[in-house]
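Peer 1: Handing over query_30.csv, CSV, C-alpha atoms.
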chain,number,residue,atom,x,y,z
X,1122,MET,CA,20.6,75.5,37.6
X,1123,ASN,CA,23.7,77.0,39.4
X,1124,GLU,CA,26.3,74.9,41.1
X,1125,ARG,CA,24.9,75.6,44.6
X,1126,ALA,CA,21.4,74.5,43.6
X,1127,ALA,CA,22.8,71.5,41.8
X,1128,ALA,CA,24.8,70.5,44.9
X,1129,ARG,CA,21.7,70.7,47.1
X,1130,SER,CA,19.8,68.4,44.8
X,1131,PHE,CA,22.0,65.4,45.4
X,1132,GLU,CA,20.3,62.7,47.5
X,1133,GLN,CA,21.9,60.1,49.7
X,1134,VAL,CA,21.5,56.4,49.6
X,1135,ASN,CA,21.3,54.7,53.0
X,1136,VAL,CA,24.0,52.0,52.8
X,1137,LEU,CA,23.9,50.2,56.2
X,1138,GLY,CA,23.3,53.5,57.9
X,1139,VAL,CA,25.9,55.5,56.0
X,1140,GLY,CA,24.6,58.1,53.7
X,1141,VAL,CA,26.4,58.0,50.3
X,1142,HIS,CA,25.6,60.8,47.9
X,1143,ALA,CA,24.3,59.9,44.5
X,1144,VAL,CA,27.1,61.6,42.5
X,1145,ASP,CA,29.5,60.9,39.7
X,1146,MET,CA,32.9,62.3,39.0
X,1147,GLN,CA,31.6,65.4,37.2
X,1148,SER,CA,29.1,66.4,39.9
X,1149,THR,CA,31.7,65.8,42.6
X,1150,ALA,CA,34.1,68.2,40.8
X,1151,SER,CA,31.4,70.8,40.6
X,1152,ILE,CA,30.7,70.6,44.3
X,1153,LEU,CA,34.4,70.9,45.1
X,1154,ARG,CA,34.8,73.9,42.8
X,1155,MET,CA,31.9,75.7,44.3
X,1156,HIS,CA,33.1,75.0,47.8
X,1157,ILE,CA,36.5,76.4,47.2
X,1158,ARG,CA,35.1,79.5,45.5
X,1159,GLU,CA,33.0,80.2,48.5
X,1160,ARG,CA,36.0,79.7,50.8
X,1161,ALA,CA,34.1,77.4,53.2
X,1162,LYS,CA,35.6,74.4,55.1
X,1163,GLY,CA,34.7,70.8,54.7
X,1164,TYR,CA,36.0,67.3,54.3
X,1165,VAL,CA,35.2,64.7,51.7
X,1166,CYS,CA,35.0,60.9,52.3
X,1167,LEU,CA,35.1,58.2,49.7
X,1168,ALA,CA,33.0,55.3,50.9
X,1169,GLY,CA,33.5,51.7,49.9
X,1170,VAL,CA,32.7,48.4,51.5
X,1171,HIS,CA,35.6,48.6,53.9
X,1172,GLY,CA,34.6,52.1,55.2
X,1173,ILE,CA,30.9,51.0,55.4
X,1174,MET,CA,31.8,48.0,57.5
X,1175,GLU,CA,34.1,49.9,59.8
X,1176,ALA,CA,31.3,52.3,60.5
X,1177,GLN,CA,29.2,49.3,61.8
X,1178,ARG,CA,31.9,48.6,64.3
X,1179,GLN,CA,32.7,52.2,65.2
X,1180,LEU,CA,29.8,54.6,65.8
X,1181,SER,CA,32.2,57.5,65.9
X,1182,LEU,CA,33.1,56.8,62.2
X,1183,LYS,CA,29.4,56.8,61.2
X,1184,THR,CA,29.2,60.3,62.8
X,1185,ILE,CA,32.2,61.4,60.9
X,1186,PHE,CA,30.6,60.3,57.6
X,1187,ALA,CA,27.4,62.2,58.6
X,1188,ASP,CA,29.4,65.4,59.3
X,1189,ALA,CA,31.2,65.2,55.9
X,1190,LEU,CA,30.6,67.8,53.2
X,1191,LEU,CA,30.3,64.9,50.7
X,1192,VAL,CA,30.4,61.1,50.9
X,1193,ALA,CA,31.1,59.8,47.4
X,1194,PRO,CA,30.8,56.2,46.3
X,1195,ASP,CA,34.3,54.7,46.1
X,1196,GLY,CA,33.2,51.2,45.3
X,1197,MET,CA,30.9,49.5,42.9
X,1198,PRO,CA,28.7,47.9,45.6
X,1199,THR,CA,27.8,51.4,46.9
X,1200,VAL,CA,27.0,52.4,43.3
X,1201,TRP,CA,24.8,49.4,42.8
X,1202,MET,CA,22.9,50.3,46.0
X,1203,GLY,CA,22.3,53.7,44.5
X,1204,ARG,CA,21.1,52.3,41.2
X,1205,LEU,CA,18.9,49.9,43.0
X,1206,ASN,CA,17.1,52.9,44.4
X,1207,GLY,CA,16.6,54.7,41.1
X,1208,PHE,CA,19.9,56.7,40.9
X,1209,SER,CA,20.8,55.6,37.4
X,1210,ARG,CA,23.4,58.4,36.9
X,1211,MET,CA,25.4,57.5,40.1
X,1212,ARG,CA,28.9,56.5,39.2
X,1213,ARG,CA,32.0,55.4,41.1
X,1214,VAL,CA,34.3,58.2,42.3
X,1215,PHE,CA,37.6,56.4,42.6
X,1216,GLY,CA,40.1,58.2,44.8
X,1217,PRO,CA,43.2,58.1,42.4
X,1218,ASP,CA,41.0,59.2,39.5
X,1219,LEU,CA,39.4,62.0,41.4
X,1220,MET,CA,42.9,63.3,42.5
X,1221,ALA,CA,44.2,63.2,38.9
X,1222,ASN,CA,41.1,64.8,37.5
X,1223,ILE,CA,41.1,67.7,39.9
X,1224,ILE,CA,44.8,68.4,39.9
X,1225,GLY,CA,45.0,68.2,36.1
X,1226,SER,CA,41.8,70.1,35.4
X,1227,GLU,CA,41.9,73.6,33.8
X,1228,GLU,CA,38.9,74.5,36.0
X,1229,PHE,CA,41.2,74.0,39.1
X,1230,ILE,CA,44.3,75.6,37.5
X,1231,ASN,CA,44.5,78.2,40.3
X,1232,CYS,CA,43.8,75.7,43.1
X,1233,THR,CA,46.7,74.9,45.4
X,1234,HIS,CA,47.3,71.4,46.7
X,1235,PHE,CA,49.0,69.8,49.7
X,1236,PHE,CA,49.8,66.0,50.1
X,1237,CYS,CA,49.5,64.5,53.5
X,1238,GLY,CA,50.1,60.8,54.0
X,1239,GLY,CA,52.2,57.8,53.3
X,1240,ALA,CA,55.5,56.6,54.7
X,1241,PRO,CA,58.4,59.1,54.7
X,1242,GLY,CA,59.2,60.1,51.2
X,1243,VAL,CA,55.9,58.9,49.6
X,1244,ALA,CA,54.2,62.4,49.6
X,1245,GLU,CA,57.4,64.0,48.1
X,1246,ASN,CA,57.5,61.2,45.4
X,1247,LEU,CA,53.8,61.8,44.6
X,1248,ARG,CA,54.5,65.6,44.3
X,1249,ASP,CA,57.2,64.9,41.8
X,1250,GLN,CA,55.1,62.4,39.8
X,1251,MET,CA,52.2,64.8,39.6
X,1252,LEU,CA,54.4,67.7,38.5
X,1253,ARG,CA,55.8,65.6,35.7
X,1254,ARG,CA,52.3,64.7,34.7
X,1255,PHE,CA,50.7,68.1,35.2
X,1256,PRO,CA,53.5,70.7,35.0
X,1257,CYS,CA,51.1,73.6,35.8
X,1258,ALA,CA,49.9,72.0,39.0
X,1259,ARG,CA,50.4,74.2,42.1
X,1260,ILE,CA,51.6,71.8,44.8
X,1261,THR,CA,52.6,73.9,47.8
X,1262,GLY,CA,53.6,71.3,50.4
X,1263,THR,CA,53.8,67.7,51.7
X,1264,TYR,CA,53.7,66.0,55.1
X,1265,SER,CA,54.0,62.4,56.2
X,1266,PRO,CA,52.2,61.9,59.6
X,1267,PRO,CA,53.4,59.1,61.9
X,1268,PHE,CA,51.4,55.9,62.0
X,1269,ARG,CA,50.9,56.4,65.7
X,1270,PRO,CA,48.8,59.3,67.2
X,1271,MET,CA,50.6,62.7,66.6
X,1272,THR,CA,52.2,64.5,69.6
X,1273,SER,CA,51.3,68.1,70.3
X,1274,ILE,CA,54.7,69.2,68.8
X,1275,GLU,CA,54.0,67.2,65.6
X,1276,GLU,CA,50.5,68.8,65.4
X,1277,MET,CA,52.0,72.2,65.7
X,1278,GLU,CA,54.5,71.3,63.0
X,1279,LEU,CA,51.6,70.3,60.7
X,1280,VAL,CA,49.6,73.4,61.4
X,1281,ALA,CA,52.7,75.6,60.7
X,1282,LYS,CA,53.5,73.8,57.4
X,1283,VAL,CA,49.9,74.1,56.2
X,1284,ARG,CA,49.7,77.8,57.2
X,1285,LEU,CA,52.8,78.5,55.2
X,1286,ALA,CA,51.6,76.4,52.2
X,1287,GLU,CA,48.1,78.0,52.1
X,1288,PRO,CA,46.5,75.0,50.2
X,1289,ASP,CA,43.0,75.0,48.9
X,1290,ILE,CA,42.9,71.2,49.1
X,1291,ILE,CA,44.7,68.8,51.4
X,1292,TRP,CA,44.8,65.3,49.9
X,1293,VAL,CA,44.9,62.8,52.7
X,1294,GLY,CA,46.4,59.4,51.8
X,1295,LEU,CA,45.9,57.2,54.9
X,1296,SER,CA,44.0,54.0,55.3
X,1297,THR,CA,40.3,53.9,56.4
X,1298,PRO,CA,39.2,54.7,59.1
X,1299,LYS,CA,42.4,56.6,60.0
X,1300,GLN,CA,42.1,59.1,57.3
X,1301,GLU,CA,38.5,60.0,58.1
X,1302,LYS,CA,39.3,60.5,61.8
X,1303,PHE,CA,42.4,62.5,60.8
X,1304,MET,CA,40.3,64.9,58.6
X,1305,ALA,CA,37.6,65.3,61.3
X,1306,ARG,CA,40.1,66.1,63.9
X,1307,TYR,CA,42.5,68.4,62.0
X,1308,LEU,CA,40.2,70.3,59.5
X,1309,PRO,CA,39.3,72.9,62.2
X,1310,MET,CA,42.9,73.5,63.0
X,1311,LEU,CA,44.3,73.8,59.5
X,1312,ASP,CA,44.3,76.8,57.2
X,1313,THR,CA,42.7,75.1,54.2
X,1314,ARG,CA,39.3,74.8,52.5
X,1315,LEU,CA,39.0,71.1,51.8
X,1316,MET,CA,40.4,67.8,53.0
X,1317,ILE,CA,39.8,64.8,50.7
X,1318,GLY,CA,40.5,61.3,51.9
X,1319,VAL,CA,41.8,59.3,48.9
X,1320,GLY,CA,43.1,56.2,50.6
X,1321,ALA,CA,45.7,54.3,48.5
X,1322,ALA,CA,45.8,57.0,45.8
X,1323,PHE,CA,49.3,58.0,46.9
X,1324,LEU,CA,50.5,54.4,46.2
X,1325,PHE,CA,48.7,54.1,42.9
X,1326,HIS,CA,50.2,57.3,41.5
X,1327,THR,CA,53.7,56.5,42.7
X,1328,GLY,CA,53.6,53.0,41.2
X,1329,ALA,CA,53.7,51.1,44.5
X,1330,ILE,CA,50.3,49.5,43.6
X,1331,GLN,CA,49.2,48.6,40.1
X,1332,ASP,CA,45.8,49.9,38.9
X,1333,SER,CA,43.2,47.4,37.7
X,1334,PRO,CA,41.9,47.2,34.1
X,1335,ALA,CA,38.6,49.0,33.5
X,1336,TRP,CA,36.6,45.8,33.2
X,1337,ILE,CA,37.7,44.6,36.6
X,1338,LYS,CA,36.7,47.9,38.1
X,1339,GLN,CA,33.3,47.8,36.4
X,1340,ALA,CA,32.7,44.3,37.6
X,1341,GLY,CA,33.3,45.3,41.2
X,1342,LEU,CA,36.4,43.0,41.4
X,1343,GLN,CA,39.1,45.5,42.1
X,1344,TRP,CA,39.3,44.1,45.6
X,1345,ALA,CA,40.5,40.8,44.2
X,1346,HIS,CA,43.2,42.6,42.1
X,1347,ARG,CA,44.4,44.4,45.3
X,1348,LEU,CA,44.3,41.2,47.3
X,1349,ILE,CA,46.6,39.5,44.9
X,1350,GLN,CA,49.1,42.4,45.2
X,1351,GLU,CA,48.9,42.7,49.0
X,1352,PRO,CA,47.6,39.4,50.4
X,1353,VAL,CA,49.2,39.6,53.9
X,1354,ARG,CA,47.9,43.1,54.6
X,1355,LEU,CA,44.4,42.8,53.0
X,1356,TRP,CA,43.2,39.3,53.3
X,1357,LYS,CA,41.3,40.0,56.5
X,1358,ARG,CA,39.7,43.2,55.2
X,1359,TYR,CA,38.3,41.6,52.0
X,1360,LEU,CA,37.7,37.9,52.9
X,1361,LEU,CA,35.8,38.9,56.1
X,1362,ASN,CA,34.3,42.2,55.2
X,1363,ASN,CA,32.9,41.4,51.8
X,1364,PRO,CA,30.7,38.4,52.7
X,1365,LEU,CA,29.5,40.2,55.8
X,1366,PHE,CA,28.6,43.3,53.7
X,1367,LEU,CA,26.6,41.2,51.3
X,1368,ILE,CA,24.7,39.6,54.1
X,1369,CYS,CA,23.9,42.9,55.8
X,1370,VAL,CA,22.8,44.5,52.5
X,1371,PHE,CA,20.6,41.5,51.7
X,1372,LEU,CA,18.9,41.9,55.1
X,1373,GLN,CA,18.5,45.6,54.6
X,1374,ILE,CA,17.0,45.3,51.1
X,1375,LEU,CA,14.4,42.7,52.3
X,1376,GLY,CA,13.5,45.0,55.3
X,1377,TRP,CA,14.6,42.4,57.8
X,1378,LYS,CA,17.0,44.7,59.4
X,1379,ARG,CA,16.8,48.5,59.5
X,1380,TYR,CA,19.7,50.9,59.7
X,1381,ARG,CA,19.1,54.4,61.0
X,1382,LEU,CA,20.6,57.1,58.9
X,1383,GLU,CA,22.1,59.9,60.9
X,1384,THR,CA,21.7,63.3,59.2
X,1385,ARG,CA,23.3,66.6,59.7
X,1386,GLU,CA,22.8,70.1,58.4
X,1387,ARG,CA,25.4,70.5,55.7
X,1388,PRO,CA,27.2,73.5,54.3
X,1389,LEU,CA,25.7,72.8,50.9
X,1390,GLY,CA,22.2,73.1,52.4
X,1391,GLN,CA,19.7,70.5,53.4
X,1392,MET,CA,19.8,67.4,51.1
X,1393,SER,CA,16.9,65.1,50.7
X,1394,VAL,CA,17.5,61.6,51.8
X,1395,THR,CA,16.5,58.2,50.4
X,1396,ARG,CA,15.9,56.0,53.5
X,1397,LEU,CA,16.4,52.5,52.3
X,1398,GLY,CA,15.6,50.2,55.2
X,1399,SER,CA,15.4,53.0,57.7
Go ahead and render the structure in this file as structure tokens.
Peer 2:
Amino acid sequence: MNERAAARSFEQVNVLGVGVHAVDMQSTASILRMHIRERAKGYVCLAGVHGIMEAQRQLSLKTIFADALLVAPDGMPTVWMGRLNGFSRMRRVFGPDLMANIIGSEEFINCTHFFCGGAPGVAENLRDQMLRRFPCARITGTYSPPFRPMTSIEEMELVAKVRLAEPDIIWVGLSTPKQEKFMARYLPMLDTRLMIGVGAAFLFHTGAIQDSPAWIKQAGLQWAHRLIQEPVRLWKRYLLNNPLFLICVFLQILGWKRYRLETRERPLGQMSVTRLGS
């Protein structure tokens, strides 16, 4: 089976109305490689509990997920939902791991990268860290967008920087749902193939946030490790979102509440969809 046929075969799991593709790290890399080779445009979302719950509050975000080239599972609860529906090979695609795997892979050795996100200086620090780790990486530019909406002049500056850098992939390190909205808005304007939202990956790779041990990740407890490190910023996200997510998933599994899954025609072709609770 070639890469295009393989990409078309991936189904989606309906997680509270958000379609999450039943992929793992290897199949995600295969889809990205094929997409770059065919020089098509698309953005990739990594969906965890926070993103799923934000999509319940903002219908526009649910549409952004539906329009994505790929929605990969960025949290163990989304993986567990997939396995519950028979996708035993579904694995977590953690943003920092995806970034390191792609940038450091020999299969992407000719791929050019652009870092967009973080406070001033963070993207440049990330570039330096990545080049120390992967000396052959081709990182052609960086940009730190303001935390407020960009002005027309700032948008023109970003467009010009990306045109000069000619990246295959723009890695977007903003918080959800800001990064998803950023990719949906700016992908048509920018001279690039892929935009991939990797959340806090910029902070992980520059040492601002400590990664969790593997067993904590596998147990689905990385949120607690993050909460200990950033209690003031993250307490509301985790202590309110997580219990509400569990309640909504329980109602969906039992069929007591149905979530309609919005579908789109995707560049990779029509993907069949598992409609849990739809």
Peer 1: Determine, counting only C-alpha atoms, which protein, DNA and RNA residues have an atom within 9 Å of an atom of stretch 1287-1301 of chain X; residues of the same chain fewer than 5 positions away are not included. Present the result as a VMD selection string.
Peer 2: chain X and resid 1157 1160 1164 to 1166 1171 to 1172 1175 to 1176 1182 1185 to 1186 1220 1232 to 1239 1244 1260 to 1262 1282 1306 1312 to 1324
Peer 1: Counting all atoms listed in the file, select every polymer residue within 9 Å of (48.5, 70.4, 60.8) as defined in the file's coordinates, and provide the selection as a PDB file with C-alpha atoms, keeping the file's coordinate frame.
Peer 2:
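Output contents, as saved in selection.pdb:
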ATOM      1  CA  TYR X1264      53.700  66.000  55.100  1.00  0.00           C
ATOM      2  CA  GLU X1275      54.000  67.200  65.600  1.00  0.00           C
ATOM      3  CA  GLU X1276      50.500  68.800  65.400  1.00  0.00           C
ATOM      4  CA  MET X1277      52.000  72.200  65.700  1.00  0.00           C
ATOM      5  CA  GLU X1278      54.500  71.300  63.000  1.00  0.00           C
ATOM      6  CA  LEU X1279      51.600  70.300  60.700  1.00  0.00           C
ATOM      7  CA  VAL X1280      49.600  73.400  61.400  1.00  0.00           C
ATOM      8  CA  ALA X1281      52.700  75.600  60.700  1.00  0.00           C
ATOM      9  CA  LYS X1282      53.500  73.800  57.400  1.00  0.00           C
ATOM     10  CA  VAL X1283      49.900  74.100  56.200  1.00  0.00           C
ATOM     11  CA  ARG X1284      49.700  77.800  57.200  1.00  0.00           C
ATOM     12  CA  TYR X1307      42.500  68.400  62.000  1.00  0.00           C
ATOM     13  CA  LEU X1308      40.200  70.300  59.500  1.00  0.00           C
ATOM     14  CA  MET X1310      42.900  73.500  63.000  1.00  0.00           C
ATOM     15  CA  LEU X1311      44.300  73.800  59.500  1.00  0.00           C
ATOM     16  CA  ASP X1312      44.300  76.800  57.200  1.00  0.00           C
TER      17      ASP X1312
END
Peer 1: Using Å and a single decimal, report how far atom CA of X:Ile1230 sits from atom CA of X:Val1243.
Peer 2: 23.7 Å
Peer 1: My list of candidates is X:Ala1221, X:Lys1302, X:Val1370, X:Lys1162. Which is closest to X:Leu1180 when distances are computed with only C-alpha atoms?
Peer 2: X:Lys1302
Peer 1: Can you tell me how far atom CA of X:Leu1372 sits from atom CA of X:Lys1338, in Å to one decimal?
Peer 2: 25.3 Å
Peer 1: Would you pick out the contacts of X:Arg1154 at 10 Å or less, using only C-alpha atoms, so that residues sharing its chain but fewer than 4 positions from it are not included, and give the list as a list in words?
Peer 2: Glu1124, Ser1148, Thr1149, Ala1150, Arg1158, Glu1159, Arg1160, Ile1223, Glu1228, Phe1229 and Cys1232 of chain X
Peer 1: Using Å and a single decimal, report how far atom CA of X:Val1170 sits from atom CA of X:Leu1365.
Peer 2: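 One can read the atom CA of X:Leu1365 to atom CA of X:Val1170 distance as 9.8 Å.
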